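Peer 1: my_file-v9.txt is reproduced in full below (compact mmCIF, C-alpha atoms).
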# COMPACT_ATOMS: atom_id res chain seq x y z
CA MET J 22 -1.21 -7.25 -13.52
CA HIS J 23 -2.98 -4.09 -12.41
CA ILE J 24 -1.90 -2.39 -9.18
CA ALA J 25 -4.17 0.48 -8.12
CA ILE J 26 -3.20 3.11 -5.56
CA LEU J 27 -6.33 4.60 -4.01
CA THR J 28 -5.75 8.34 -3.80
CA PHE J 29 -8.31 10.69 -2.30
CA GLU J 30 -8.72 14.44 -1.89
CA GLY J 31 -6.12 15.70 0.58
CA TYR J 32 -3.82 12.77 -0.20
CA ASN J 33 -0.26 12.54 1.11
CA GLU J 34 2.16 12.74 -1.82
CA LEU J 35 4.78 10.55 -0.14
CA ASP J 36 2.30 7.76 0.45
CA SER J 37 0.88 7.55 -3.07
CA LEU J 38 3.78 8.69 -5.24
CA ILE J 39 6.71 6.85 -3.63
CA ALA J 40 4.78 3.59 -4.03
CA LEU J 41 3.92 4.58 -7.60
CA GLY J 42 7.58 5.19 -8.41
CA VAL J 43 8.86 1.97 -6.86
CA LEU J 44 6.14 -0.17 -8.43
CA ASN J 45 6.86 1.31 -11.84
CA ARG J 46 10.44 0.00 -11.72
CA ILE J 47 8.87 -3.19 -13.06
CA LYS J 48 9.00 -2.90 -16.83
CA ALA J 49 6.70 -5.53 -18.31
CA ASP J 50 3.85 -5.44 -20.79
CA ASP J 51 1.52 -7.10 -18.28
CA TRP J 52 2.32 -4.65 -15.45
CA ARG J 53 0.20 -1.52 -14.95
CA VAL J 54 0.20 0.85 -11.97
CA THR J 55 -2.51 3.49 -11.66
CA ILE J 56 -3.71 6.24 -9.38
CA ALA J 57 -7.31 5.29 -8.61
CA ALA J 58 -9.39 8.24 -7.48
CA PRO J 59 -13.08 8.95 -6.88
CA SER J 60 -13.01 12.00 -9.18
CA PRO J 61 -11.18 13.12 -12.34
CA ARG J 62 -8.66 15.11 -10.27
CA VAL J 63 -7.57 15.11 -6.65
CA THR J 64 -5.49 17.68 -4.78
CA SER J 65 -2.91 16.71 -2.19
CA MET J 66 -2.53 18.09 1.31
CA ASN J 67 0.15 20.38 -0.16
CA GLY J 68 -1.73 21.44 -3.28
CA VAL J 69 -0.38 18.95 -5.84
CA VAL J 70 -3.10 18.12 -8.36
CA ILE J 71 -3.02 14.75 -10.14
CA GLU J 72 -5.39 13.16 -12.57
CA GLN J 73 -7.33 9.95 -12.08
CA MET J 74 -5.83 7.04 -14.00
CA SER J 75 -8.43 4.48 -12.95
CA THR J 76 -11.73 4.46 -11.07
CA LEU J 77 -12.46 2.98 -7.67
CA GLU J 78 -14.55 0.33 -9.43
CA GLU J 79 -11.55 -0.63 -11.55
CA ALA J 80 -9.42 -0.77 -8.41
CA CYS J 81 -11.79 -3.30 -6.89
CA ALA J 82 -11.00 -5.59 -9.84
CA ALA J 83 -7.23 -5.00 -9.70
CA ASP J 84 -4.68 -7.66 -8.77
CA ALA J 85 -3.36 -5.48 -5.95
CA VAL J 86 -4.54 -2.32 -4.22
CA ILE J 87 -2.80 0.19 -1.98
CA VAL J 88 -5.11 2.42 0.04
CA GLY J 89 -3.28 5.70 0.30
CA SER J 90 -3.28 8.12 3.19
CA GLY J 91 -4.18 11.78 3.57
CA ILE J 92 -5.62 14.50 5.77
CA ALA J 93 -9.24 13.67 4.90
CA THR J 94 -9.39 9.92 5.55
CA ARG J 95 -12.02 10.33 8.27
CA GLU J 96 -14.20 12.08 5.71
CA VAL J 97 -13.54 9.25 3.24
CA VAL J 98 -14.81 6.59 5.66
CA GLU J 99 -17.96 8.65 6.23
CA ASN J 100 -18.63 8.85 2.48
CA LEU J 101 -21.20 6.13 1.84
CA ALA J 102 -20.75 6.17 -1.94
CA ILE J 103 -16.99 5.63 -1.68
CA MET J 104 -17.24 3.00 1.05
CA ASN J 105 -19.99 1.07 -0.72
CA THR J 106 -17.80 0.90 -3.81
CA LEU J 107 -14.77 -0.21 -1.78
CA ARG J 108 -16.76 -3.10 -0.33
CA GLY J 109 -15.82 -4.73 -3.63
CA LEU J 110 -12.26 -5.17 -2.33
CA ASP J 111 -11.67 -8.86 -1.67
CA PRO J 112 -8.47 -10.26 -0.10
CA SER J 113 -9.38 -13.74 -1.29
CA ARG J 114 -8.54 -12.70 -4.86
CA GLN J 115 -6.31 -9.63 -4.57
CA LEU J 116 -3.49 -8.20 -2.49
CA ILE J 117 -4.74 -5.33 -0.33
CA ALA J 118 -2.35 -2.92 1.37
CA ALA J 119 -2.89 0.26 3.36
CA GLN J 120 -0.50 3.12 4.00
CA CYS J 121 -0.83 5.11 7.24
CA SER J 122 -4.44 6.31 7.56
CA GLY J 123 -5.44 3.89 4.82
CA ALA J 124 -5.59 1.37 7.68
CA LEU J 125 -8.67 3.22 8.94
CA VAL J 126 -10.39 2.52 5.62
CA LEU J 127 -9.59 -1.20 5.89
CA ALA J 128 -10.79 -1.21 9.50
CA LYS J 129 -14.11 0.38 8.59
CA LEU J 130 -14.53 -2.13 5.74
CA GLY J 131 -14.10 -4.96 8.23
CA LEU J 132 -10.93 -6.20 6.54
CA LEU J 133 -8.80 -5.97 9.69
CA ASP J 134 -10.97 -8.14 11.92
CA ASP J 135 -8.54 -10.16 14.08
CA ILE J 136 -5.58 -8.66 12.15
CA PRO J 137 -3.28 -6.11 13.82
CA ALA J 138 -2.21 -3.12 11.76
CA CYS J 139 0.48 -0.51 11.30
CA THR J 140 -0.44 3.13 10.86
CA ASP J 141 0.88 6.62 11.57
CA LEU J 142 0.79 8.08 15.06
CA THR J 143 -1.94 10.61 14.20
CA THR J 144 -4.28 7.93 12.88
CA LYS J 145 -3.51 5.38 15.61
CA PRO J 146 -6.29 6.48 18.04
CA TRP J 147 -8.92 6.27 15.29
CA VAL J 148 -7.81 2.79 14.22
CA VAL J 149 -7.76 1.63 17.85
CA ALA J 150 -11.25 3.08 18.32
CA ALA J 151 -12.33 1.00 15.31
CA GLY J 152 -11.34 -2.10 17.26
CA VAL J 153 -7.98 -2.83 15.66
CA GLU J 154 -4.72 -3.47 17.50
CA VAL J 155 -2.02 -1.07 16.27
CA LEU J 156 1.57 -2.31 16.25
CA ASN J 157 4.65 -0.21 16.99
CA GLN J 158 6.44 -1.21 13.80
CA PRO J 159 6.59 0.01 10.18
CA PHE J 160 5.13 -3.01 8.36
CA TYR J 161 2.90 -6.01 8.99
CA ALA J 162 1.13 -8.45 6.71
CA LYS J 163 -1.08 -11.47 7.11
CA ASP J 164 -2.00 -13.53 4.08
CA ASN J 165 -3.07 -11.01 1.40
CA ILE J 166 -3.45 -7.94 3.64
CA ALA J 167 -0.58 -5.59 4.55
CA THR J 168 -0.32 -2.28 6.37
CA ALA J 169 2.51 0.21 6.81
CA GLY J 170 2.99 3.10 9.22
CA GLY J 171 4.96 6.24 8.44
CA CYS J 172 5.29 7.90 5.04
CA LEU J 173 8.76 6.51 4.37
CA ALA J 174 7.51 2.96 4.95
CA SER J 175 5.63 3.16 1.65
CA HIS J 176 8.46 1.40 -0.19
CA TYR J 177 7.89 -1.61 2.07
CA LEU J 178 4.35 -1.94 0.74
CA ALA J 179 5.56 -1.58 -2.84
CA ALA J 180 8.32 -4.15 -2.34
CA TRP J 181 5.89 -6.59 -0.67
CA ILE J 182 3.53 -6.33 -3.63
CA ILE J 183 6.34 -6.81 -6.15
CA ALA J 184 7.71 -9.79 -4.22
CA ARG J 185 4.27 -11.40 -4.08
CA LEU J 186 3.48 -10.81 -7.76
CA LYS J 187 6.90 -10.91 -9.47
CA GLY J 188 9.28 -12.51 -6.97
CA ASN J 189 11.97 -11.41 -4.55
CA ASP J 190 14.57 -10.67 -7.23
CA ALA J 191 12.25 -8.16 -8.90
CA ALA J 192 11.50 -6.51 -5.57
CA GLU J 193 15.18 -6.23 -4.68
CA SER J 194 15.97 -4.73 -8.08
CA ALA J 195 13.27 -2.08 -7.60
CA LEU J 196 14.53 -1.23 -4.12
CA ARG J 197 18.13 -1.06 -5.30
CA TYR J 198 17.18 1.48 -7.98
CA VAL J 199 15.57 3.92 -5.51
CA ALA J 200 17.88 3.45 -2.51
CA PRO J 201 20.45 6.21 -1.82
CA VAL J 202 23.88 5.83 -3.39
CA GLY J 203 26.38 4.51 -0.86
CA GLU J 204 23.58 3.12 1.32
CA LYS J 205 21.92 0.65 -1.03
CA GLU J 206 22.89 -2.52 0.84
CA GLU J 207 21.81 -0.99 4.14
CA TYR J 208 18.42 0.06 2.76
CA ILE J 209 17.79 -3.29 1.07
CA GLU J 210 18.79 -5.24 4.18
CA ARG J 211 16.42 -3.16 6.32
CA ALA J 212 13.58 -3.62 3.85
CA TRP J 213 13.98 -7.40 3.75
CA ARG J 214 14.23 -7.51 7.54
CA ASN J 215 10.79 -5.90 7.73
CA ILE J 216 9.15 -7.70 4.81
CA THR J 217 10.53 -11.25 4.79
CA PRO J 218 8.68 -12.52 7.91
CA TYR J 219 5.40 -11.81 6.12
CA LEU J 220 6.13 -13.39 2.76
CA PRO J 221 4.87 -16.90 1.98
CA ALA J 222 7.42 -19.64 2.64
CA PRO J 223 9.19 -20.78 -0.56
CA ALA J 224 7.78 -23.92 -2.12
CA PRO J 225 9.92 -26.99 -1.38
CA ALA J 226 12.23 -28.08 -4.17
CA LEU J 227 11.11 -31.06 -6.23
CA VAL J 228 13.26 -34.11 -5.64
Now that the file is in, can you turn its structure into structure tokens?

Peer 2:
Amino acid sequence: MHIAILTFEGYNELDSLIALGVLNRIKADDWRVTIAAPSPRVTSMNGVVIEQMSTLEEACAADAVIVGSGIATREVVENLAIMNTLRGLDPSRQLIAAQCSGALVLAKLGLLDDIPACTDLTTKPWVVAAGVEVLNQPFYAKDNIATAGGCLASHYLAAWIIARLKGNDAAESALRYVAPVGEKEEYIERAWRNITPYLPAPAPALV
């Protein structure tokens, strides 16, 4: 399994790197998490430079994709080369998630048609202007598309992806590792309360 986190110039560290850390709690030979960037290096909104681990083209072939957020997302959606490449994203064969202003990217790609979204308060007017209903909640998913609003909702996206690809037990284990000591049950309960309504119903037991 390859999970790619799209990370652009001016990226928000909390959005890309919290998801990266939670997703990497899965230790399996067939599990790979990468920072997918349009250039060899990208610099965050606070000056943190990270190196590209995969390309945008590789992300379009990944099993799951998180579109990260940042201060330059409006420039990203105006970049024809980037957007033409991202038209290779396909929710019929991969999980696609967006963090905060990443929802604007999905909106401009036409992936949120008739699907409401979560995003941050700064990005909300732009997503609404793109014709998408914005919800006042931290997480929403429909079928293979999920969105989250607020930097600290990024672990919801990561847990949703793990639950979909590896099961609920794996997702809970990852959340338990990163949750604050003394508050683990509270954090896990809150996460499941937000994520569970959007997970596929369990298959009925065979009689």

Peer 1: Per residue of region 104-199 of chain J within 7 Å of region 28-38 of chain J, which atom pair is closest and at what distance in Å (one decimal), using all atoms listed in the file, listed by chain and increasing number, as a Markdown table?

Peer 2:
| residue | atom | partner | partner_atom | distance |
| --- | --- | --- | --- | --- |
| J:Gln120 | CA | J:Asp36 | CA | 6.5 |
| J:Cys172 | CA | J:Asp36 | CA | 5.5 |
| J:Ser175 | CA | J:Asp36 | CA | 5.8 |

Peer 1: Return the single residue from J:Ile87, J:Leu133, J:Ala191, J:Met74 that is closest to Ala119 (chain J), with distances computed using only C-alpha atoms.

Peer 2: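 Under the stated criterion, the closest residue is J:Ile87.
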
Peer 1: Take the point (-3.7, 10.8, -11.8) in the file's coordinates, draw a sphere of radius 12 Å around it, and report as a PDB file with C-alpha atoms, keeping the file's coordinate frame every protein, DNA or RNA residue with an atom inside or on it, counting only C-alpha atoms.

Peer 2:
ATOM      1  CA  ALA J  25      -4.170   0.480  -8.120  1.00  0.00           C
ATOM      2  CA  ILE J  26      -3.200   3.110  -5.560  1.00  0.00           C
ATOM      3  CA  LEU J  27      -6.330   4.600  -4.010  1.00  0.00           C
ATOM      4  CA  THR J  28      -5.750   8.340  -3.800  1.00  0.00           C
ATOM      5  CA  PHE J  29      -8.310  10.690  -2.300  1.00  0.00           C
ATOM      6  CA  GLU J  30      -8.720  14.440  -1.890  1.00  0.00           C
ATOM      7  CA  TYR J  32      -3.820  12.770  -0.200  1.00  0.00           C
ATOM      8  CA  GLU J  34       2.160  12.740  -1.820  1.00  0.00           C
ATOM      9  CA  SER J  37       0.880   7.550  -3.070  1.00  0.00           C
ATOM     10  CA  LEU J  38       3.780   8.690  -5.240  1.00  0.00           C
ATOM     11  CA  LEU J  41       3.920   4.580  -7.600  1.00  0.00           C
ATOM     12  CA  VAL J  54       0.200   0.850 -11.970  1.00  0.00           C
ATOM     13  CA  THR J  55      -2.510   3.490 -11.660  1.00  0.00           C
ATOM     14  CA  ILE J  56      -3.710   6.240  -9.380  1.00  0.00           C
ATOM     15  CA  ALA J  57      -7.310   5.290  -8.610  1.00  0.00           C
ATOM     16  CA  ALA J  58      -9.390   8.240  -7.480  1.00  0.00           C
ATOM     17  CA  PRO J  59     -13.080   8.950  -6.880  1.00  0.00           C
ATOM     18  CA  SER J  60     -13.010  12.000  -9.180  1.00  0.00           C
ATOM     19  CA  PRO J  61     -11.180  13.120 -12.340  1.00  0.00           C
ATOM     20  CA  ARG J  62      -8.660  15.110 -10.270  1.00  0.00           C
ATOM     21  CA  VAL J  63      -7.570  15.110  -6.650  1.00  0.00           C
ATOM     22  CA  THR J  64      -5.490  17.680  -4.780  1.00  0.00           C
ATOM     23  CA  SER J  65      -2.910  16.710  -2.190  1.00  0.00           C
ATOM     24  CA  VAL J  69      -0.380  18.950  -5.840  1.00  0.00           C
ATOM     25  CA  VAL J  70      -3.100  18.120  -8.360  1.00  0.00           C
ATOM     26  CA  ILE J  71      -3.020  14.750 -10.140  1.00  0.00           C
ATOM     27  CA  GLU J  72      -5.390  13.160 -12.570  1.00  0.00           C
ATOM     28  CA  GLN J  73      -7.330   9.950 -12.080  1.00  0.00           C
ATOM     29  CA  MET J  74      -5.830   7.040 -14.000  1.00  0.00           C
ATOM     30  CA  SER J  75      -8.430   4.480 -12.950  1.00  0.00           C
ATOM     31  CA  THR J  76     -11.730   4.460 -11.070  1.00  0.00           C
TER      32      THR J  76
END

Peer 1: Could you work out how far CA of Leu220 (chain J) lies from CA of Gln115 (chain J), giving the answer in Å with one decimal?

Peer 2: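 Taking CA of Gln115 (chain J) and CA of Leu220 (chain J), their separation equals 14.9 Å.
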
Peer 1: With distances taken over all atoms listed in the file, which of J:Ala169, J:Ala179, J:Ala83, J:Ile136 is nearest to Leu110 (chain J)?

Peer 2: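 Under the stated criterion, the closest residue is J:Ala83.
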
Peer 1: How big is the axis-aligned box, and where does its centre sit, when it encloses all atoms of region 37-42 of chain J listed in the file and has 8 Å added on every side, reported in Å to one decimal as JSON?

Peer 2:
{"center_x": 4.2, "center_y": 6.1, "center_z": -5.7, "size_x": 22.7, "size_y": 21.1, "size_z": 21.3}

Peer 1: If you count all atoms listed in the file, which residues fall within 12 Å of Asn165 (chain J), apart from same-chain ones fewer than 5 positions away, as a VMD selection string?

Peer 2: chain J and resid 84 to 87 110 to 119 132 to 133 136 178 181 to 182 185 to 186 219 to 221

Peer 1: Applying 6 Å and all atoms listed in the file, which residues near Asp141 (chain J) remain after dropping the ones on its own chain fewer than 5 positions away? List them as JSON, numbers by chain.

Peer 2: {"J": [121, 170, 171]}

Peer 1: Find the nearest atom pair between each residue of region 57-104 of chain J and region 146-151 of chain J for residues within 12 Å, count only C-alpha atoms, give distances in Å to one decimal, sort rows by chain and ascending number, and present the table as CSV.

Peer 2:
residue,atom,partner,partner_atom,distance
J:Thr94,CA,J:Trp147,CA,10.4
J:Arg95,CA,J:Trp147,CA,8.7
J:Val98,CA,J:Trp147,CA,11.3

Peer 1: Smallest atom-to-atom distance to Val126 (chain J): which of J:Pro201, J:Gly109, J:Gly89, J:Gly188, using only C-alpha atoms?

Peer 2: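 Answer, going by the shortest atom-to-atom distance: J:Gly89.
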
Peer 1: Of the candidates J:Leu156, J:Met104, J:Ile216, J:Met22, which shows the shortest atom-to-atom distance to Ala180 (chain J), using all atoms listed in the file?

Peer 2: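 Checking each of J:Leu156, J:Met104, J:Ile216, J:Met22 against Ala180 (chain J), counting all atoms listed in the file, the winner is J:Ile216.
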
Peer 1: With all atoms listed in the file as the atoms that count, which of J:Ala82, J:Ile24, J:Ala212, J:Ala138 lies nearest to Arg53 (chain J)?

Peer 2: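 The shortest atom-to-atom distance to Arg53 (chain J) comes from J:Ile24.
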
Peer 1: Between J:Thr143, J:Thr168, J:Pro137, J:Cys81, which has the minimum distance to Ala124 (chain J) (counting only C-alpha atoms)?

Peer 2: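 The answer is J:Thr168, which sits nearest to Ala124 (chain J).
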
Peer 1: What is the distance, in Å and to one decimal place, between CA of Ile183 (chain J) and CA of Ala40 (chain J)?

Peer 2: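 According to the coordinates, CA of Ile183 (chain J) and CA of Ala40 (chain J) are separated by 10.7 Å.
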
Peer 1: Measure the distance from CA of Arg46 (chain J) to CA of Ala174 (chain J) in Å and round it to one decimal.

Peer 2: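 CA of Ala174 (chain J) lies at a distance of 17.2 Å from CA of Arg46 (chain J).
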
Peer 1: Residues near region 195-197 of chain J, anyone? I mean within 9 Å using only C-alpha atoms, not counting same-chain ones fewer than 5 positions away, as a list in words.

Peer 2: Val43, Leu44, Asn45, Arg46, Ile47, His176, Ala180, Ile183, Asp190, Lys205, Glu206, Tyr208, Ile209 and Ala212 of chain J

Peer 1: Mind rebuilding region 153-164 of chain J with all heavy atoms and writing that out as an mmCIF file, in the frame of the given file?

Peer 2:
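Contents of the output file result19.cif:
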data_model
loop_
_atom_site.group_PDB
_atom_site.id
_atom_site.type_symbol
_atom_site.label_atom_id
_atom_site.label_comp_id
_atom_site.auth_asym_id
_atom_site.auth_seq_id
_atom_site.Cartn_x
_atom_site.Cartn_y
_atom_site.Cartn_z
ATOM 1 N N VAL J 153 -9.143 -2.161 16.238
ATOM 2 C CA VAL J 153 -7.980 -2.830 15.660
ATOM 3 C C VAL J 153 -6.745 -2.574 16.522
ATOM 4 O O VAL J 153 -6.502 -1.445 16.943
ATOM 5 C CB VAL J 153 -7.717 -2.329 14.217
ATOM 6 C CG1 VAL J 153 -6.443 -2.945 13.640
ATOM 7 C CG2 VAL J 153 -8.917 -2.642 13.329
ATOM 8 N N GLU J 154 -5.978 -3.621 16.781
ATOM 9 C CA GLU J 154 -4.720 -3.470 17.500
ATOM 10 C C GLU J 154 -3.694 -2.809 16.588
ATOM 11 O O GLU J 154 -3.506 -3.242 15.452
ATOM 12 C CB GLU J 154 -4.187 -4.831 17.955
ATOM 13 C CG GLU J 154 -2.835 -4.770 18.645
ATOM 14 C CD GLU J 154 -2.204 -6.122 18.861
ATOM 15 O OE1 GLU J 154 -2.815 -7.149 18.483
ATOM 16 O OE2 GLU J 154 -1.068 -6.163 19.390
ATOM 17 N N VAL J 155 -3.031 -1.767 17.062
ATOM 18 C CA VAL J 155 -2.020 -1.070 16.270
ATOM 19 C C VAL J 155 -0.633 -1.446 16.805
ATOM 20 O O VAL J 155 -0.359 -1.355 18.003
ATOM 21 C CB VAL J 155 -2.217 0.458 16.331
ATOM 22 C CG1 VAL J 155 -1.057 1.179 15.654
ATOM 23 C CG2 VAL J 155 -3.535 0.842 15.660
ATOM 24 N N LEU J 156 0.228 -1.872 15.900
ATOM 25 C CA LEU J 156 1.570 -2.310 16.250
ATOM 26 C C LEU J 156 2.569 -1.163 16.184
ATOM 27 O O LEU J 156 2.421 -0.254 15.359
ATOM 28 C CB LEU J 156 2.018 -3.414 15.276
ATOM 29 C CG LEU J 156 1.115 -4.651 15.194
ATOM 30 C CD1 LEU J 156 1.573 -5.556 14.054
ATOM 31 C CD2 LEU J 156 1.098 -5.409 16.512
ATOM 32 N N ASN J 157 3.589 -1.223 17.009
ATOM 33 C CA ASN J 157 4.650 -0.210 16.990
ATOM 34 C C ASN J 157 5.769 -0.694 16.072
ATOM 35 O O ASN J 157 6.892 -0.989 16.511
ATOM 36 C CB ASN J 157 5.178 0.023 18.407
ATOM 37 C CG ASN J 157 6.208 1.136 18.461
ATOM 38 O OD1 ASN J 157 6.138 2.089 17.691
ATOM 39 N ND2 ASN J 157 7.180 1.011 19.348
ATOM 40 N N GLN J 158 5.476 -0.779 14.802
ATOM 41 C CA GLN J 158 6.440 -1.210 13.800
ATOM 42 C C GLN J 158 6.011 -0.659 12.441
ATOM 43 O O GLN J 158 4.859 -0.248 12.280
ATOM 44 C CB GLN J 158 6.558 -2.740 13.756
ATOM 45 C CG GLN J 158 5.263 -3.460 13.424
ATOM 46 C CD GLN J 158 5.375 -4.961 13.660
ATOM 47 O OE1 GLN J 158 5.603 -5.413 14.783
ATOM 48 N NE2 GLN J 158 5.195 -5.751 12.602
ATOM 49 N N PRO J 159 6.913 -0.649 11.450
ATOM 50 C CA PRO J 159 6.590 0.010 10.180
ATOM 51 C C PRO J 159 5.767 -0.823 9.215
ATOM 52 O O PRO J 159 5.134 -0.269 8.315
ATOM 53 C CB PRO J 159 7.962 0.308 9.590
ATOM 54 C CG PRO J 159 8.841 -0.774 10.137
ATOM 55 C CD PRO J 159 8.342 -1.035 11.524
ATOM 56 N N PHE J 160 5.782 -2.161 9.370
ATOM 57 C CA PHE J 160 5.130 -3.010 8.360
ATOM 58 C C PHE J 160 4.624 -4.292 9.011
ATOM 59 O O PHE J 160 5.281 -4.849 9.894
ATOM 60 C CB PHE J 160 6.118 -3.352 7.243
ATOM 61 C CG PHE J 160 5.549 -4.246 6.172
ATOM 62 C CD1 PHE J 160 4.809 -3.711 5.132
ATOM 63 C CD2 PHE J 160 5.749 -5.622 6.211
ATOM 64 C CE1 PHE J 160 4.277 -4.536 4.150
ATOM 65 C CE2 PHE J 160 5.223 -6.449 5.229
ATOM 66 C CZ PHE J 160 4.487 -5.903 4.202
ATOM 67 N N TYR J 161 3.451 -4.730 8.555
ATOM 68 C CA TYR J 161 2.900 -6.010 8.990
ATOM 69 C C TYR J 161 2.007 -6.543 7.884
ATOM 70 O O TYR J 161 1.313 -5.772 7.209
ATOM 71 C CB TYR J 161 2.080 -5.856 10.279
ATOM 72 C CG TYR J 161 1.474 -7.161 10.752
ATOM 73 C CD1 TYR J 161 2.218 -8.052 11.522
ATOM 74 C CD2 TYR J 161 0.173 -7.507 10.406
ATOM 75 C CE1 TYR J 161 1.683 -9.257 11.950
ATOM 76 C CE2 TYR J 161 -0.371 -8.711 10.820
ATOM 77 C CZ TYR J 161 0.384 -9.588 11.593
ATOM 78 O OH TYR J 161 -0.151 -10.786 11.995
ATOM 79 N N ALA J 162 2.021 -7.841 7.696
ATOM 80 C CA ALA J 162 1.130 -8.450 6.710
ATOM 81 C C ALA J 162 0.658 -9.798 7.228
ATOM 82 O O ALA J 162 1.374 -10.497 7.951
ATOM 83 C CB ALA J 162 1.835 -8.618 5.369
ATOM 84 N N LYS J 163 -0.535 -10.143 6.845
ATOM 85 C CA LYS J 163 -1.080 -11.470 7.110
ATOM 86 C C LYS J 163 -1.830 -11.907 5.870
ATOM 87 O O LYS J 163 -2.748 -11.223 5.408
ATOM 88 C CB LYS J 163 -2.013 -11.460 8.315
ATOM 89 C CG LYS J 163 -2.568 -12.851 8.634
ATOM 90 C CD LYS J 163 -3.458 -12.840 9.867
ATOM 91 C CE LYS J 163 -3.997 -14.245 10.142
ATOM 92 N NZ LYS J 163 -4.902 -14.257 11.322
ATOM 93 N N ASP J 164 -1.406 -13.028 5.314
ATOM 94 C CA ASP J 164 -2.000 -13.530 4.080
ATOM 95 C C ASP J 164 -1.930 -12.453 3.001
ATOM 96 O O ASP J 164 -0.844 -12.006 2.663
ATOM 97 C CB ASP J 164 -3.434 -14.016 4.338
ATOM 98 C CG ASP J 164 -3.481 -15.146 5.361
ATOM 99 O OD1 ASP J 164 -2.545 -15.971 5.374
ATOM 100 O OD2 ASP J 164 -4.436 -15.196 6.152
#
